[in-house]
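To start, the structure under review is shown below, and the notes come after it.
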There are 2 protein chains.
Amino acid sequence: MSPSNTSVKLVKLVSSGAPTLANFKVESIGVPSKASLQSDQILVRTLYLSADPYMRGRLSGSQDSYVDSFVAGKPIIGLGVGVIEASTSSEFKEGDVVTGDQFLWEAKFVSGVRGFIKIPASGIAPANYLGVLGMPSFTAYVGVVTLAQAKAGETILISAASGAVGQVAVQLAKARGLRVVGAAGSDDKVAFVKSLGADAAFNYKTCGDLNAAIRAVAPDGVDVYFDNVGGEFLDAALLNMNAFGRIAECGMISQYNATADTAYHIQNLIRIIPKRISIHGFIVSDYYAKPDYANFIAEVSAMLKEGKITYKLDEVVGLENAPQGLLDLFEGKNFGKRVIKVTDAQQRL
Amino acid sequence: MSPSNTSVKLVKLVSSGAPTLANFKVESIGVPSKASLQSDQILVRTLYLSADPYMRGRLSGSQDSYVDSFVAGKPIIGLGVGVIEASTSSEFKEGDVVTGDQFLWEAKFVSGVRGFIKIPASGIAPANYLGVLGMPSFTAYVGVVTLAQAKAGETILISAASGAVGQVAVQLAKARGLRVVGAAGSDDKVAFVKSLGADAAFNYKTCGDLNAAIRAVAPDGVDVYFDNVGGEFLDAALLNMNAFGRIAECGMISQYNATADTAYHIQNLIRIIPKRISIHGFIVSDYYAKPDYANFIAEVSAMLKEGKITYKLDEVVGLENAPQGLLDLFEGKNFGKRVIKVTDAQQRL
């Protein structure tokens, strides 16, 4: 890591098709000084940044997106963990470790305090706040517990089961006494999903007919489908849902880069009537202010202390590799929750 | 009406495409005698039979159907209202007016008592028990109240708004203080929907672009969509849903006669994630045993007594016309809830 600061900026929004490295620019920029802080500001040194599938919407500037789009010429912004190096706010002091969703993709940046929270000293490594105690993990909780109300004895199917959200969904469902079946995009990922406790899992890229593959792992049908992928897999899942099934509709990553020509159209939605299926589209940010969040922190913290939950981080080192680290997600090249390691906790710029 | 008995039987199940008159046979059969009753049986004279869209599933013999399919060589069976002419059951006596879902499509038939309930003497004309106090009306209640939890100030969009279910959905939503917009398949039906209190309505067959037509009547978006039709209309509705919108998925009649070649595939399902939309497939029979049913009877009975709800019956006279009366539903030729008038209350076979 050079002593100069680095910034990852958006060059232009993606109008159609897939984003490429050309949409990003990695720049050397100046290091902000403590003296430059205005009132109620913080100088943050970034430890880890989070690369997440939801960022696809922010890259396209769609009006429908539920978060602000990225802005051409400005840094990418998202979830991160960092250390306060200087503060003119009474909320934070030098040395505080913080997380939040207003991290610039820069090694060091100045910000207002909105969107940052202090992480209590607990001995848990900071990157975990982008992982097992972070947004994707809470997303799994909201889908499995709050919306699908998954119950012991039921069968849950989880797509992208080795991913940031899926791996926690697998473990939360297993801990609740469900039969857990999952799908992932490589044999290594399938083995990992099974190692988390899934009763069965398959490689959706090599299994052939998806409907038959789901039926093979869930011969008595699916009560809860936790959807991360949409498209053809969702259509096949619909064919396998039991009466009164619930679908937690978390994401449709197979469709995020689709164009009008390549988008998959759903054929089996009609099944939700005879089978009385409910489908719940959701965004995790709606649930932080609800009791579900405290319940999640309590449940997962306890599991973590008892060694009953594991979480796979997929770390890319260096801000200069962050654009490719994000793009990989849209092709399923990550294996676990992708984070970008920016600086060491001990490092100073 | 001839003094002989008549039976409408299924000739063969529909394997693909639309049912036709050739799937049915109208037969003269013998009149059952009181002496033929075994224990716990009733001899019923049919007053009215109900022709309903859900019967499409029973005609196809699909494994996925939520009710038993009709059986080749046996009478059609469904909802009806009739008079007990003889009974060997302690539950019913001669002269009782009954309703239920085990009515054979015969002018007079013998049955066990399961599936029949006695209608209290209240001065309400018997056909209403297939209408405003019947299954389609309760279906509207479950969709609007139980599942969509429609609230005052919200906008509800109702497709097939002049139909058996739609016309009650319009009135229940209006009584709750929603802005109500509807679609129907002829200018007469549109005028009828407006006469029920809808704030706006349009003819989906002549409006051109469905998305624009919905936007025109609901410029601030749709909070609740009560879907009776599926297909292209559902896809257009998805484009107009507000954040946290709910879709009560009651039926997809536009797709019931579709073949693999003609079935419409949904393009806009992905919208449910950024908009946090929930979709609830349902079947009304699941709700008769819940408190919702008593709430429905109480609410709609009160509205009826106060003249605050109207209901359009579309009556076809004569059992011999029942097959066409049913087939008409799949082409939108009915105007209101279709019933088949079989005999007069005073009539004797």
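Chain identifiers are assigned as A, B, and so on, following the order in which chains appear in the structure tokens; residues are numbered from 1 within each chain, and ligands are numbered from 1 in order of appearance.
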* Spatial neighbours of range 155-171 of chain A, 6 Å, only C-alpha atoms, chain gap at least 6 places, as a list in words ->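 Final neighbour list, sorted by chain and number: Pro136, Ser137, Ala140, Leu178, Arg179, Val180, Val181, Gly182, Ala183, Ala184, Lys189, Val193, Val222, Asp223, Val224, Tyr225, Phe226, Asp227, Asn228, Gly336 and Lys337 of chain A.
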* To do: Specify as a VMD selection string all residues of chain A found within 7 Å of chain B, counting only C-alpha atoms.
  => chain A and resid 64 to 66 249 to 252 265 to 267 270 272 to 274 276 to 283
* Close residues, Leu13 in chain A itself excluded, 9 Å, only C-alpha atoms, min 6 positions apart in chain, as a PyMOL selection string -> chain A and resi 19+23+58-61+69-72
Same residues, N, CA, C and O atoms, output as a tab-separated table (two decimals), in the first residue's frame:
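Writing the result to part.tsv gives the following:
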chain	number	residue	atom	x	y	z
A	19	PRO	N	-21.82	-4.15	-16.52
A	19	PRO	CA	-20.75	-3.19	-16.26
A	19	PRO	C	-19.39	-3.84	-16.55
A	19	PRO	O	-19.24	-5.06	-16.46
A	23	ASN	N	-16.17	1.15	-16.63
A	23	ASN	CA	-17.08	2.00	-15.88
A	23	ASN	C	-16.43	2.61	-14.63
A	23	ASN	O	-17.02	3.47	-13.99
A	58	ARG	N	-27.29	0.49	-8.31
A	58	ARG	CA	-26.69	1.82	-8.17
A	58	ARG	C	-25.78	2.15	-9.37
A	58	ARG	O	-25.49	3.31	-9.62
A	59	LEU	N	-25.33	1.10	-10.04
A	59	LEU	CA	-24.48	1.31	-11.23
A	59	LEU	C	-25.29	1.68	-12.46
A	59	LEU	O	-24.76	2.20	-13.43
A	60	SER	N	-26.59	1.34	-12.43
A	60	SER	CA	-27.39	1.56	-13.65
A	60	SER	C	-28.15	2.87	-13.59
A	60	SER	O	-28.67	3.33	-14.60
A	61	GLY	N	-28.24	3.47	-12.39
A	61	GLY	CA	-28.95	4.74	-12.29
A	61	GLY	C	-30.42	4.62	-12.57
A	61	GLY	O	-31.09	5.59	-12.90
A	69	SER	N	-28.38	6.20	-7.03
A	69	SER	CA	-27.40	5.64	-7.94
A	69	SER	C	-26.04	6.29	-7.67
A	69	SER	O	-25.94	7.35	-7.05
A	70	PHE	N	-24.98	5.61	-8.08
A	70	PHE	CA	-23.66	6.21	-8.05
A	70	PHE	C	-23.64	7.38	-9.04
A	70	PHE	O	-24.47	7.48	-9.93
A	71	VAL	N	-22.65	8.26	-8.85
A	71	VAL	CA	-22.61	9.48	-9.67
A	71	VAL	C	-21.30	9.50	-10.46
A	71	VAL	O	-20.22	9.31	-9.89
A	72	ALA	N	-21.40	9.73	-11.75
A	72	ALA	CA	-20.21	9.77	-12.60
A	72	ALA	C	-19.24	10.84	-12.09
A	72	ALA	O	-19.64	11.97	-11.79
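You will find CA of Lys312 in chain A at 23.0 Å from CA of Val83 in chain A.
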* To do: Could you tell me which of B:Val300, B:Ala213, B:Val145, B:Val81 comes closest to Asp344 in chain B if we count only C-alpha atoms?
  =>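 Going through B:Val300, B:Ala213, B:Val145, B:Val81 one by one, the smallest distance to Asp344 in chain B is for B:Val81.
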* Asked: Can you tell me, as a PyMOL selection string, what residues are no more than 12 Å from Gln324 in chain B when counting only C-alpha atoms, ignoring any on the same chain fewer than 3 positions away?
  -> chain B and resi 8+19-26+51+316-321+327-331+333-334+338-340
So which residues touch Asn5 in chain A within 8 Å, counting only C-alpha atoms, skipping near sequence neighbours fewer than 5 positions away, as a compact mmCIF listing (two decimals) with N, CA and C atoms, in the first residue's frame?
# COMPACT_ATOMS: atom_id res chain seq x y z
N SER A 28 -5.06 8.08 -7.98
CA SER A 28 -4.30 8.53 -6.80
C SER A 28 -4.77 9.94 -6.46
N ILE A 29 -5.13 10.13 -5.22
CA ILE A 29 -5.60 11.45 -4.79
C ILE A 29 -4.85 11.84 -3.53
N GLY A 30 -5.07 13.04 -3.11
CA GLY A 30 -4.39 13.53 -1.91
C GLY A 30 -4.94 12.89 -0.64
N VAL A 31 -4.11 12.91 0.40
CA VAL A 31 -4.55 12.41 1.71
C VAL A 31 -5.20 13.57 2.47
N GLU A 106 -12.39 4.89 -0.80
CA GLU A 106 -11.11 5.59 -0.69
C GLU A 106 -10.41 5.06 0.55
N ALA A 107 -9.08 5.12 0.56
CA ALA A 107 -8.35 4.61 1.71
C ALA A 107 -8.57 5.50 2.93
N LYS A 108 -8.83 6.75 2.68
CA LYS A 108 -9.02 7.72 3.75
C LYS A 108 -9.95 8.80 3.22
N LEU A 349 -1.54 5.65 6.97
CA LEU A 349 -1.23 6.10 5.60
C LEU A 349 -0.08 7.10 5.64
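Here CA of Leu47 in chain A and CA of Lys308 in chain A stand 26.4 Å from one another.
We find CA of Leu130 in chain A and CA of Gly17 in chain A to be spaced 28.2 Å apart.
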* Enumerate as JSON, numbers by chain all residues of range 30-204 of chain A assigned to strand (DSSP E or B) by DSSP on the backbone, naming them with the chain letters and numbers the document uses. => {"A": [41, 42, 43, 44, 45, 46, 47, 48, 49, 50, 75, 77, 78, 79, 80, 81, 82, 83, 84, 85, 86, 87, 97, 98, 99, 100, 101, 102, 103, 104, 106, 108, 109, 110, 111, 112, 116, 117, 118, 155, 156, 157, 158, 179, 180, 181, 182, 183, 184, 200, 201, 202, 203]}
* Structure fact -> For Asn211 in chain A, the closest of A:Val113, A:Ala191, A:Ala148, A:Ala237 counting only C-alpha atoms is A:Ala237
* **Proximity to Val217 in chain A - best of A:Asn240, A:Trp105, A:Leu196, A:Leu37, only C-alpha atoms** =>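 Selected residue with least distance to Val217 in chain A: A:Asn240.
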